[in-house]
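K.L.:
Next comes input-v8.txt, compact mmCIF, C-alpha atoms and all ligand atoms:
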```txt
# COMPACT_ATOMS: atom_id res chain seq x y z
CA MET A 4 -25.10 -68.16 9.51
CA ALA A 5 -24.54 -64.64 8.29
CA THR A 6 -23.37 -62.86 5.17
CA VAL A 7 -20.50 -60.65 6.26
CA LEU A 8 -18.81 -57.80 4.44
CA VAL A 9 -15.15 -57.69 5.47
CA THR A 10 -13.47 -54.42 4.50
CA GLY A 11 -9.68 -54.75 4.40
CA GLY A 12 -10.12 -58.53 4.35
CA ALA A 13 -6.95 -59.13 2.31
CA GLY A 14 -4.79 -57.61 5.05
CA TYR A 15 -3.00 -59.23 7.96
CA ILE A 16 -5.81 -59.44 10.53
CA GLY A 17 -8.60 -59.52 7.94
CA SER A 18 -7.25 -62.59 6.15
CA HIS A 19 -6.96 -64.56 9.39
CA THR A 20 -10.51 -63.54 10.27
CA CYS A 21 -11.84 -64.57 6.83
CA VAL A 22 -10.54 -68.13 7.30
CA GLN A 23 -12.42 -68.44 10.58
CA LEU A 24 -15.59 -66.88 9.16
CA LEU A 25 -15.58 -69.38 6.28
CA ASP A 26 -14.78 -72.27 8.63
CA ALA A 27 -17.77 -71.25 10.75
CA GLY A 28 -20.04 -71.36 7.69
CA HIS A 29 -20.52 -67.63 7.10
CA GLU A 30 -20.63 -66.16 3.63
CA VAL A 31 -17.78 -63.70 3.14
CA ILE A 32 -17.58 -60.68 0.84
CA VAL A 33 -14.21 -58.89 0.93
CA LEU A 34 -13.81 -55.27 -0.14
CA ASP A 35 -10.16 -54.22 -0.33
CA ASN A 36 -8.22 -51.82 -2.55
CA LEU A 37 -5.04 -53.89 -2.05
CA SER A 38 -3.09 -50.75 -1.12
CA ASN A 39 -1.30 -52.67 1.62
CA SER A 40 -1.97 -56.28 0.72
CA SER A 41 -2.04 -58.85 -2.03
CA GLU A 42 -4.87 -60.91 -3.49
CA GLN A 43 -2.58 -63.87 -2.85
CA SER A 44 -3.65 -63.80 0.81
CA LEU A 45 -7.26 -64.41 -0.27
CA HIS A 46 -6.23 -67.38 -2.44
CA ARG A 47 -4.61 -68.83 0.65
CA VAL A 48 -7.68 -68.11 2.78
CA GLN A 49 -9.76 -70.09 0.32
CA SER A 50 -7.38 -73.01 0.04
CA LEU A 51 -7.02 -73.24 3.83
CA SER A 52 -10.77 -73.23 4.40
CA ASN A 53 -11.60 -75.14 1.22
CA LYS A 54 -14.40 -72.63 0.63
CA THR A 55 -14.84 -69.65 -1.65
CA LEU A 56 -15.35 -66.02 -0.83
CA THR A 57 -16.28 -63.07 -3.02
CA PHE A 58 -13.57 -60.48 -3.58
CA ILE A 59 -14.28 -56.95 -4.77
CA ARG A 60 -11.29 -54.77 -5.46
CA GLY A 61 -12.47 -51.35 -4.44
CA ASP A 62 -12.20 -48.50 -2.00
CA ILE A 63 -14.31 -47.84 1.07
CA ARG A 64 -14.40 -44.17 0.07
CA ASP A 65 -16.27 -45.02 -3.12
CA ALA A 66 -20.01 -44.67 -2.41
CA ALA A 67 -21.07 -46.14 -5.76
CA THR A 68 -19.05 -49.32 -5.18
CA LEU A 69 -20.51 -49.62 -1.69
CA ASP A 70 -24.10 -49.12 -2.86
CA GLN A 71 -23.69 -51.71 -5.63
CA LEU A 72 -22.22 -54.16 -3.19
CA PHE A 73 -24.97 -53.74 -0.61
CA ALA A 74 -27.59 -53.99 -3.37
CA LYS A 75 -26.11 -57.20 -4.78
CA TYR A 76 -25.43 -59.13 -1.57
CA ASN A 77 -27.76 -59.57 1.31
CA ILE A 78 -25.29 -58.41 3.93
CA ASP A 79 -26.10 -58.93 7.61
CA ALA A 80 -23.03 -57.38 9.20
CA VAL A 81 -19.77 -55.59 8.46
CA ILE A 82 -16.34 -56.20 9.95
CA HIS A 83 -14.38 -53.05 9.18
CA PHE A 84 -10.60 -53.50 8.99
CA ALA A 85 -9.82 -51.26 6.02
CA GLY A 86 -7.58 -48.33 6.76
CA LEU A 87 -4.03 -47.08 6.89
CA LYS A 88 -1.98 -47.98 9.96
CA ALA A 89 1.60 -46.71 9.79
CA VAL A 90 2.11 -44.43 12.77
CA GLY A 91 5.17 -42.58 11.35
CA GLU A 92 3.56 -42.07 7.95
CA SER A 93 0.45 -40.66 9.61
CA GLN A 94 2.59 -37.80 10.92
CA GLN A 95 3.90 -37.01 7.43
CA ILE A 96 0.64 -37.27 5.45
CA PRO A 97 -2.14 -36.63 7.97
CA LEU A 98 -4.78 -35.70 5.38
CA THR A 99 -4.36 -39.05 3.65
CA TYR A 100 -4.96 -40.76 6.98
CA PHE A 101 -8.00 -38.60 7.74
CA GLU A 102 -9.36 -39.37 4.29
CA HIS A 103 -8.91 -43.15 4.28
CA ASN A 104 -9.63 -43.80 7.93
CA ILE A 105 -12.19 -41.16 8.89
CA ALA A 106 -13.83 -40.15 5.61
CA GLY A 107 -13.63 -43.76 4.37
CA SER A 108 -15.33 -45.03 7.51
CA ILE A 109 -18.06 -42.40 7.27
CA ALA A 110 -18.67 -43.38 3.62
CA LEU A 111 -19.02 -46.99 4.75
CA PHE A 112 -21.40 -46.15 7.62
CA ASN A 113 -23.52 -44.02 5.28
CA ALA A 114 -23.77 -46.86 2.78
CA MET A 115 -24.66 -49.26 5.61
CA GLN A 116 -27.42 -46.91 6.71
CA ARG A 117 -28.76 -46.61 3.16
CA ALA A 118 -28.80 -50.41 2.94
CA GLN A 119 -30.30 -50.77 6.44
CA VAL A 120 -27.34 -52.80 7.70
CA PHE A 121 -26.63 -51.81 11.30
CA LYS A 122 -24.30 -54.51 12.68
CA LEU A 123 -20.66 -53.46 12.79
CA VAL A 124 -17.39 -54.71 14.26
CA PHE A 125 -14.72 -52.01 14.12
CA SER A 126 -10.91 -52.39 14.41
CA SER A 127 -9.88 -49.97 17.10
CA SER A 128 -6.67 -49.85 19.06
CA ALA A 129 -5.29 -49.65 22.57
CA THR A 130 -3.75 -46.40 21.44
CA VAL A 131 -7.06 -44.65 22.24
CA TYR A 132 -6.40 -44.90 26.00
CA ASP A 133 -5.06 -41.84 27.76
CA GLU A 134 -1.33 -42.26 28.38
CA SER A 135 -1.73 -41.46 32.06
CA ASN A 136 -3.73 -44.66 32.69
CA ILE A 137 -1.80 -47.37 34.51
CA SER A 138 -1.88 -50.87 32.97
CA PRO A 139 -3.75 -53.17 33.05
CA LEU A 140 -5.97 -50.91 30.94
CA ASN A 141 -9.71 -51.50 31.22
CA GLU A 142 -12.49 -50.21 29.01
CA ASP A 143 -13.84 -47.82 31.65
CA MET A 144 -10.58 -45.90 31.78
CA PRO A 145 -10.57 -42.54 30.00
CA THR A 146 -9.47 -42.25 26.41
CA GLY A 147 -6.98 -39.51 25.65
CA MET A 148 -5.42 -37.65 22.80
CA PRO A 149 -3.24 -40.19 20.93
CA SER A 150 0.29 -38.98 20.25
CA ASN A 151 -0.01 -39.59 16.50
CA ASN A 152 -2.50 -38.97 13.70
CA TYR A 153 -3.15 -42.68 13.11
CA GLY A 154 -4.26 -43.12 16.71
CA TYR A 155 -6.29 -39.94 16.46
CA THR A 156 -8.30 -41.40 13.54
CA LYS A 157 -9.18 -44.44 15.70
CA LEU A 158 -10.34 -42.22 18.55
CA ILE A 159 -12.46 -40.07 16.24
CA ILE A 160 -14.14 -43.10 14.65
CA GLU A 161 -14.86 -44.58 18.09
CA GLN A 162 -16.44 -41.32 19.21
CA LEU A 163 -18.59 -40.87 16.15
CA LEU A 164 -19.79 -44.49 16.37
CA GLU A 165 -20.76 -43.93 20.01
CA LYS A 166 -22.79 -40.88 19.02
CA LEU A 167 -24.34 -42.71 16.07
CA ALA A 168 -25.54 -45.57 18.30
CA ILE A 169 -27.11 -43.09 20.73
CA ALA A 170 -28.90 -41.20 17.96
CA GLU A 171 -30.03 -44.31 16.07
CA PRO A 172 -30.66 -47.29 18.38
CA LYS A 173 -30.81 -49.77 15.49
CA TRP A 174 -27.03 -49.72 15.31
CA SER A 175 -25.11 -52.46 17.06
CA ILE A 176 -21.40 -51.71 17.18
CA ALA A 177 -18.38 -53.48 18.65
CA LEU A 178 -15.25 -51.41 19.15
CA LEU A 179 -12.45 -53.95 19.44
CA ARG A 180 -9.39 -52.34 21.01
CA TYR A 181 -6.50 -54.45 19.81
CA PHE A 182 -3.29 -54.58 21.75
CA ASN A 183 -0.26 -55.84 19.76
CA PRO A 184 -1.19 -58.41 17.09
CA VAL A 185 1.63 -60.80 16.16
CA GLY A 186 1.97 -64.41 15.00
CA ALA A 187 0.63 -66.10 11.92
CA HIS A 188 -1.56 -68.96 10.78
CA LYS A 189 -0.27 -72.35 12.03
CA SER A 190 0.06 -73.59 8.44
CA GLY A 191 2.73 -70.95 7.70
CA CYS A 192 0.66 -69.96 4.63
CA MET A 193 -0.59 -66.62 5.98
CA GLY A 194 1.07 -63.93 8.02
CA GLU A 195 2.06 -60.29 8.26
CA ASP A 196 3.60 -58.88 5.09
CA PRO A 197 4.55 -55.26 5.69
CA GLN A 198 5.67 -53.19 2.72
CA GLY A 199 9.09 -51.51 3.11
CA THR A 200 10.79 -51.24 6.46
CA PRO A 201 8.63 -52.69 9.23
CA ASN A 202 7.50 -50.26 11.91
CA ASN A 203 6.49 -52.95 14.36
CA LEU A 204 8.68 -55.11 16.52
CA MET A 205 7.74 -58.62 15.40
CA PRO A 206 8.13 -58.26 11.62
CA TYR A 207 11.42 -56.48 12.23
CA VAL A 208 12.67 -59.36 14.39
CA THR A 209 11.66 -62.00 11.82
CA GLN A 210 13.28 -60.00 8.99
CA VAL A 211 16.52 -59.89 11.00
CA ALA A 212 16.18 -63.64 11.58
CA VAL A 213 15.73 -64.33 7.86
CA GLY A 214 18.69 -62.08 6.95
CA ARG A 215 16.74 -59.23 5.32
CA ARG A 216 17.90 -56.78 8.04
CA GLU A 217 21.21 -56.65 9.86
CA GLN A 218 20.12 -55.98 13.40
CA LEU A 219 17.20 -54.84 15.50
CA SER A 220 17.21 -51.37 17.03
CA ILE A 221 15.60 -51.43 20.46
CA TYR A 222 14.02 -48.08 21.16
CA GLY A 223 15.10 -47.20 24.69
CA ASN A 224 16.46 -49.23 27.59
CA ASP A 225 15.77 -46.65 30.27
CA TYR A 226 12.02 -47.08 30.78
CA ASP A 227 10.68 -47.84 34.23
CA THR A 228 10.03 -51.50 33.34
CA VAL A 229 11.44 -54.90 34.28
CA ASP A 230 14.57 -54.45 32.13
CA GLY A 231 14.25 -50.87 30.85
CA THR A 232 12.65 -51.78 27.50
CA GLY A 233 9.02 -51.11 26.50
CA VAL A 234 6.32 -53.52 27.68
CA ARG A 235 3.39 -54.53 25.42
CA ASP A 236 0.56 -57.05 25.35
CA TYR A 237 1.27 -59.28 22.35
CA ILE A 238 -1.77 -61.19 21.09
CA HIS A 239 -1.75 -64.03 18.55
CA VAL A 240 -3.49 -62.95 15.34
CA VAL A 241 -5.52 -66.19 15.35
CA ASP A 242 -6.85 -65.31 18.82
CA LEU A 243 -7.53 -61.77 17.63
CA ALA A 244 -9.41 -63.15 14.62
CA SER A 245 -11.56 -65.37 16.84
CA ALA A 246 -12.51 -62.30 18.90
CA HIS A 247 -14.18 -60.93 15.75
CA LEU A 248 -16.36 -64.00 15.44
CA CYS A 249 -17.35 -63.71 19.10
CA ALA A 250 -18.08 -59.99 18.67
CA LEU A 251 -20.11 -60.68 15.53
CA LYS A 252 -22.21 -63.25 17.36
CA ASN A 253 -22.75 -60.83 20.23
CA ARG A 254 -23.68 -57.92 17.93
CA LEU A 255 -26.13 -59.98 15.86
CA LEU A 256 -28.14 -60.40 19.08
CA SER A 257 -27.90 -56.92 20.64
CA THR A 258 -27.80 -53.19 20.03
CA GLY A 259 -25.75 -50.25 21.25
CA CYS A 260 -22.06 -49.47 21.05
CA ARG A 261 -19.56 -51.17 23.34
CA ALA A 262 -15.78 -51.40 23.56
CA TRP A 263 -13.79 -54.56 24.32
CA ASN A 264 -10.06 -54.92 24.85
CA ILE A 265 -8.51 -57.74 22.86
CA GLY A 266 -5.24 -58.70 24.49
CA THR A 267 -3.84 -61.51 26.61
CA GLY A 268 -3.72 -59.45 29.80
CA THR A 269 0.05 -59.97 30.10
CA GLY A 270 2.88 -57.61 29.26
CA SER A 271 6.25 -58.62 27.79
CA SER A 272 9.26 -56.36 27.36
CA VAL A 273 11.13 -55.99 24.06
CA LEU A 274 14.11 -57.85 25.53
CA GLN A 275 11.88 -60.64 26.82
CA VAL A 276 10.38 -61.00 23.34
CA VAL A 277 13.79 -61.05 21.66
CA GLN A 278 15.22 -63.56 24.13
CA ALA A 279 12.15 -65.80 23.91
CA PHE A 280 12.33 -65.66 20.08
CA GLU A 281 15.99 -66.71 20.20
CA LYS A 282 15.17 -69.55 22.57
CA VAL A 283 12.12 -71.07 20.86
CA ASN A 284 13.49 -70.71 17.34
CA GLY A 285 17.20 -71.29 18.05
CA ILE A 286 18.22 -68.15 16.17
CA ASN A 287 20.42 -65.30 17.33
CA ILE A 288 18.91 -61.81 16.93
CA PRO A 289 21.63 -59.13 16.93
CA TYR A 290 20.38 -55.88 18.46
CA GLN A 291 21.52 -52.47 19.60
CA PHE A 292 19.91 -50.01 21.99
CA VAL A 293 18.99 -46.68 20.42
CA PRO A 294 17.14 -43.68 21.91
CA ARG A 295 13.43 -43.93 22.71
CA ARG A 296 10.98 -43.63 19.80
CA GLU A 297 8.81 -40.54 19.96
CA GLY A 298 5.26 -41.27 21.10
CA ASP A 299 6.05 -44.65 22.74
CA VAL A 300 4.81 -45.35 26.26
CA ALA A 301 6.73 -47.47 28.76
CA THR A 302 4.00 -50.02 29.42
CA SER A 303 0.69 -50.97 27.83
CA PHE A 304 -1.21 -54.17 28.55
CA SER A 305 -4.85 -55.06 28.81
CA ASP A 306 -7.40 -56.04 31.35
CA ASN A 307 -9.21 -58.49 29.05
CA ARG A 308 -11.91 -59.68 31.45
CA ARG A 309 -14.76 -57.85 29.72
CA ALA A 310 -14.15 -59.71 26.43
CA ILE A 311 -13.84 -63.01 28.28
CA THR A 312 -17.06 -62.62 30.27
CA GLU A 313 -19.24 -60.78 27.74
CA LEU A 314 -18.04 -62.18 24.42
CA GLY A 315 -17.20 -65.69 25.59
CA TRP A 316 -13.77 -65.21 24.00
CA LYS A 317 -10.54 -66.56 25.41
CA PRO A 318 -7.02 -66.26 24.04
CA GLN A 319 -5.47 -69.70 23.50
CA TYR A 320 -1.92 -68.97 22.43
CA THR A 321 1.23 -68.22 24.45
CA LEU A 322 4.03 -65.83 23.58
CA GLU A 323 6.09 -68.88 22.51
CA ASP A 324 3.33 -69.88 20.04
CA MET A 325 3.32 -66.34 18.64
CA LEU A 326 7.09 -66.38 18.13
CA LEU A 327 7.16 -69.87 16.61
CA ASP A 328 4.32 -69.03 14.22
CA SER A 329 5.73 -65.64 13.20
CA TRP A 330 9.02 -67.31 12.34
CA ASN A 331 7.36 -70.25 10.60
CA TRP A 332 5.53 -67.82 8.30
CA GLN A 333 8.63 -65.69 7.62
CA LYS A 334 10.98 -68.58 6.91
CA THR A 335 8.49 -70.31 4.58
CA ASN A 336 7.72 -67.00 2.84
CA PRO A 337 10.93 -64.94 3.07
CA LYS A 338 9.50 -62.35 0.66
CA GLY A 339 5.99 -62.44 2.11
CA TYR A 340 3.28 -62.91 -0.53
CA ARG A 341 5.55 -61.68 -3.34
P1 LIG B 1 -3.36 -54.28 6.91
O1 LIG B 1 -2.75 -53.08 6.31
O2 LIG B 1 -2.68 -55.59 6.72
O3 LIG B 1 -4.88 -54.43 6.41
C1 LIG B 1 -5.68 -53.32 6.08
C2 LIG B 1 -6.28 -53.59 4.71
O4 LIG B 1 -7.11 -52.49 4.33
C3 LIG B 1 -5.24 -53.78 3.61
O5 LIG B 1 -5.51 -54.98 2.92
C4 LIG B 1 -5.43 -52.56 2.71
O6 LIG B 1 -5.14 -52.85 1.36
C5 LIG B 1 -6.87 -52.21 2.95
N1 LIG B 1 -7.23 -50.80 2.74
C6 LIG B 1 -6.57 -49.70 3.21
N2 LIG B 1 -7.23 -48.59 2.85
C7 LIG B 1 -8.34 -48.99 2.15
C8 LIG B 1 -9.40 -48.32 1.53
N3 LIG B 1 -9.49 -46.97 1.54
N4 LIG B 1 -10.37 -49.04 0.91
C9 LIG B 1 -10.30 -50.40 0.87
N5 LIG B 1 -9.30 -51.09 1.44
C10 LIG B 1 -8.33 -50.40 2.09
O7 LIG B 1 -3.55 -53.98 8.48
P2 LIG B 1 -3.95 -54.95 9.66
O8 LIG B 1 -2.77 -55.07 10.56
O9 LIG B 1 -4.61 -56.16 9.16
O10 LIG B 1 -4.98 -54.01 10.43
C11 LIG B 1 -6.38 -54.10 10.21
C12 LIG B 1 -7.08 -53.02 10.99
O11 LIG B 1 -6.73 -53.16 12.38
C13 LIG B 1 -6.68 -51.60 10.61
O12 LIG B 1 -7.81 -50.77 10.70
C14 LIG B 1 -5.66 -51.22 11.67
O13 LIG B 1 -5.60 -49.84 11.87
C15 LIG B 1 -6.24 -51.93 12.90
N6 LIG B 1 -5.23 -52.19 13.93
C16 LIG B 1 -4.08 -52.87 13.59
C17 LIG B 1 -3.11 -53.07 14.58
C18 LIG B 1 -1.82 -53.77 14.23
O14 LIG B 1 -0.86 -53.62 14.97
N7 LIG B 1 -1.75 -54.54 13.14
C19 LIG B 1 -3.31 -52.61 15.89
C20 LIG B 1 -4.50 -51.95 16.20
C21 LIG B 1 -5.46 -51.75 15.19
N1 LIG B 2 10.23 -51.58 19.10
C1 LIG B 2 11.62 -51.62 19.05
N2 LIG B 2 12.20 -51.71 17.83
C2 LIG B 2 11.49 -51.76 16.66
C3 LIG B 2 10.07 -51.72 16.73
C4 LIG B 2 9.47 -51.61 17.98
O1 LIG B 2 12.30 -51.56 20.07
O2 LIG B 2 12.09 -51.83 15.58
C5 LIG B 2 9.59 -51.52 20.43
C6 LIG B 2 8.73 -50.29 20.65
O3 LIG B 2 9.51 -49.23 21.13
C7 LIG B 2 7.69 -50.81 21.65
C8 LIG B 2 7.53 -52.28 21.26
O4 LIG B 2 8.70 -52.63 20.51
O5 LIG B 2 8.22 -50.76 22.95
C9 LIG B 2 6.30 -52.54 20.39
O6 LIG B 2 6.33 -51.64 19.28
P1 LIG B 2 5.39 -51.83 18.00
O7 LIG B 2 5.74 -50.76 17.03
O8 LIG B 2 5.45 -53.24 17.54
O9 LIG B 2 3.93 -51.61 18.60
P2 LIG B 2 3.32 -50.33 19.33
O10 LIG B 2 2.94 -50.76 20.70
O11 LIG B 2 4.15 -49.13 19.21
O12 LIG B 2 2.06 -50.04 18.40
C10 LIG B 2 1.07 -51.00 18.19
C11 LIG B 2 0.42 -50.86 16.81
C12 LIG B 2 -0.38 -49.60 16.71
C13 LIG B 2 -1.32 -49.47 17.86
C14 LIG B 2 -0.59 -49.64 19.17
C15 LIG B 2 -1.56 -49.69 20.32
O13 LIG B 2 1.41 -50.83 15.81
O14 LIG B 2 -1.17 -49.69 15.54
O15 LIG B 2 0.12 -50.87 19.19
O16 LIG B 2 -0.90 -49.74 21.53
F1 LIG B 2 -1.93 -48.26 17.84
```
As C-alpha cells, how would this structure be written, given the file I've shared?
Ligand code: NAD
Ligand code: UFG

P.N.:
Amino acid sequence: MATVLVTGGAGYIGSHTCVQLLDAGHEVIVLDNLSNSSEQSLHRVQSLSNKTLTFIRGDIRDAATLDQLFAKYNIDAVIHFAGLKAVGESQQIPLTYFEHNIAGSIALFNAMQRAQVFKLVFSSSATVYDESNISPLNEDMPTGMPSNNYGYTKLIIEQLLEKLAIAEPKWSIALLRYFNPVGAHKSGCMGEDPQGTPNNLMPYVTQVAVGRREQLSIYGNDYDTVDGTGVRDYIHVVDLASAHLCALKNRLLSTGCRAWNIGTGTGSSVLQVVQAFEKVNGINIPYQFVPRREGDVATSFSDNRRAITELGWKPQYTLEDMLLDSWNWQKTNPKGYR
C-alpha cells in the first residue's frame, strides 16, 4: 500500500478517486485550495469509505507548503488533479490559467524532485489531440495546438513531463487523457458541483431537470454526425477514478512517461444523450438549437485499448448508468455541496 498525495482531491474527479484509494488501503493526503470545491466532499469521501484522510488547505504554487508536506508525510506517489478547467474563462484570463496550471505544476514537480518522489499520475485531456485526427483517437496520433488556453496548459504540461522523464530516468509519469467525465457516485452523496453556469453538457442537463435552468442550448445541429449534434466519449467518473488506481499501480513498478486514453471507446451525440436522459430518468429536457460553440469539434471519441491492455483497466458503466447517477446526485443535492 502506498501513501499518495492527491492535489485537487476535493474536486469532482479527485473526490471519487480518494474514495477508491482509501477503499484499496492507501493512505491519502489531499492538498486543495478549495477554489472550485468544498471540504464537504472530503467529509463524504471519509464517510463513504469509513476511513480518514489528511486534508491540507493550500495551493500547489506554494513551495513552502509543498516542502512541509513532503517532509511530514512519507509520500510514495502523487496524483495531480489540481488546476483550473473552465475553457471559456481560460480565454478571458489566460495568465491565471498559466499560473495555476503550468507554474503550479512546475512548483509541484520541483517539490517532488526535492523530496525524491518521482511517481506521478497527471490529469490530461483529449483536448491535446490535433483536431485533424479522425476518431477513434489513439495515443500515437499527433497532438496539436488546442483551440483554447486551458487545453494549451494541458499540452504544455504533457510536453514538459515527457522531457523531464527523458532527462531524469527516475521519473515515472502517467499522462491520463480523459475524454468526457460524467456521472456520480452510486450513493448519490458525491458528484459534480460546478460554480455558476455550467460549461459542460451533463451538469447543464441535470440543472434543467432539477428546475435551476429553463432549457438546454444545444450548440449546433449541422455537424457531420449521426444527427448533426456534437459527438463525445462520455466516461463514468467512477470508471475514470479506477483508471487512476490502475495507473498508480503501473507507475509504482515502472519508469518513463506514457500517455493513456481514458474513455469508453464509444461516441454519443448531444441529442442521443438528451434523449437517453429523458428515457432513463423519465424527465423532459426542453432544448433549443443555437449556433455552434467556438472551438468545438464535431466528433471526439477514444481508442481505449492501450489502457485496457497495459493498465488492466476496463470501464464498467454504460451511458444509462452515467445518466441515472448524474441525476441521482443532482436530485438528492439540488444545490450541490452547499
Ligand atoms: P475540479 O475543479 O472539480 O477539481 C480541481 C480541484 O483543484 C478543485 O478542488 C480546486 O479547488 C483545486 N485547485 C485548483 N487550483 C488549485 C491550486 N492552485 N492549488 C490547489 N488546489 C487547486 O475539476 P475536475 O473536473 O475534478 O478535474 C480534475 C482535473 O482533471 C483537472 O486538472 C482538470 O483540468 C482535468 N480534466 C477534467 C476534465 C473534466 O471534464 N472534468 C476533462 C479533462 C481533464
Ligand atoms: N454542449 C451543448 N450545450 C451545452 C454544453 C455542451 O450542446 O450547454 C455540447 C458541446 O457543444 C459538445 C458536447 O455538448 O458537443 C460536450 O460538451 P462539454 O462542454 O460537456 O465537453 P467538451 O467535449 O467540450 O469538453 C470536455 C472538457 C474539457 C476537455 C475536453 C476534451 O470539458 O475539459 O472535453 O475533449 F478538454

K.L.:
Please identify all polymer residues lying at most 7 Å from the point (-10.9, -50.8, 27.0) (file coordinates), using only C-alpha atoms, and present the result as a VMD selection string.

P.N.:
chain A and resid 140 to 144 180 262 to 264

K.L.:
Any chance you can output those residues with C-alpha atoms as a PDB file, keeping the file's coordinate frame?

P.N.:
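Saved result, out01.pdb, follows:
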```pdb
ATOM      1  CA  LEU A 140      -5.970 -50.910  30.940  1.00  0.00           C
ATOM      2  CA  ASN A 141      -9.710 -51.500  31.220  1.00  0.00           C
ATOM      3  CA  GLU A 142     -12.490 -50.210  29.010  1.00  0.00           C
ATOM      4  CA  ASP A 143     -13.840 -47.820  31.650  1.00  0.00           C
ATOM      5  CA  MET A 144     -10.580 -45.900  31.780  1.00  0.00           C
ATOM      6  CA  ARG A 180      -9.390 -52.340  21.010  1.00  0.00           C
ATOM      7  CA  ALA A 262     -15.780 -51.400  23.560  1.00  0.00           C
ATOM      8  CA  TRP A 263     -13.790 -54.560  24.320  1.00  0.00           C
ATOM      9  CA  ASN A 264     -10.060 -54.920  24.850  1.00  0.00           C
TER      10      ASN A 264
END
```

K.L.:
Atom CA of A:Asn287 and atom CA of A:Tyr207, how far apart in Å?

P.N.:
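Separation between atom CA of A:Tyr207 and atom CA of A:Asn287: 13.6 Å.
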
K.L.:
Please, which residues in stretch 168-216 of chain A fall within 7 Å of stretch 237-240 of chain A when counting all atoms listed in the file, and what is the closest atom pair and distance in Å to one decimal for each, ordered by chain then residue number, as a tab-separated table?

P.N.:
```
residue	atom	partner	partner_atom	distance
A:Phe182	CA	A:Tyr237	CA	6.6
A:Asn183	CA	A:Tyr237	CA	4.6
A:Pro184	CA	A:Ile238	CA	4.9
A:Val185	CA	A:His239	CA	5.3
A:Gly186	CA	A:His239	CA	5.2
A:Ala187	CA	A:Val240	CA	6.2
```

K.L.:
Name each residue within 7 Å of ligand LIG 1 (chain B), counting only C-alpha atoms and all ligand atoms, as an MDAnalysis selection string.

P.N.:
chainID A and resid 10:17 34:40 61:64 84:88 103 107 126:129 180:184 195

K.L.:
What does the distance between atom CA of A:Glu42 and atom CA of A:Glu30 come to in Å, to one decimal place?

P.N.:
18.1 Å

K.L.:
Show me which residues are within 6 Å of ligand LIG 2 (chain B) counting all atoms listed in the file, and format the list as a list of chain:residue names.

P.N.:
A:Lys88, A:Ser128, A:Ala129, A:Thr130, A:Gly154, A:Phe182, A:Asn183, A:Asn202, A:Asn203, A:Leu204, A:Tyr207, A:Leu219, A:Ser220, A:Ile221, A:Tyr222, A:Gly233, A:Val234, A:Val273, A:Arg296, A:Asp299

K.L.:
Name the closest residue to A:Leu322 among the candidates A:Ala301, A:Ala27, A:Ile109, A:Val276; distances are taken between atoms, counting all atoms listed in the file.

P.N.:
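Closest residue, counting all atoms listed in the file: A:Val276.
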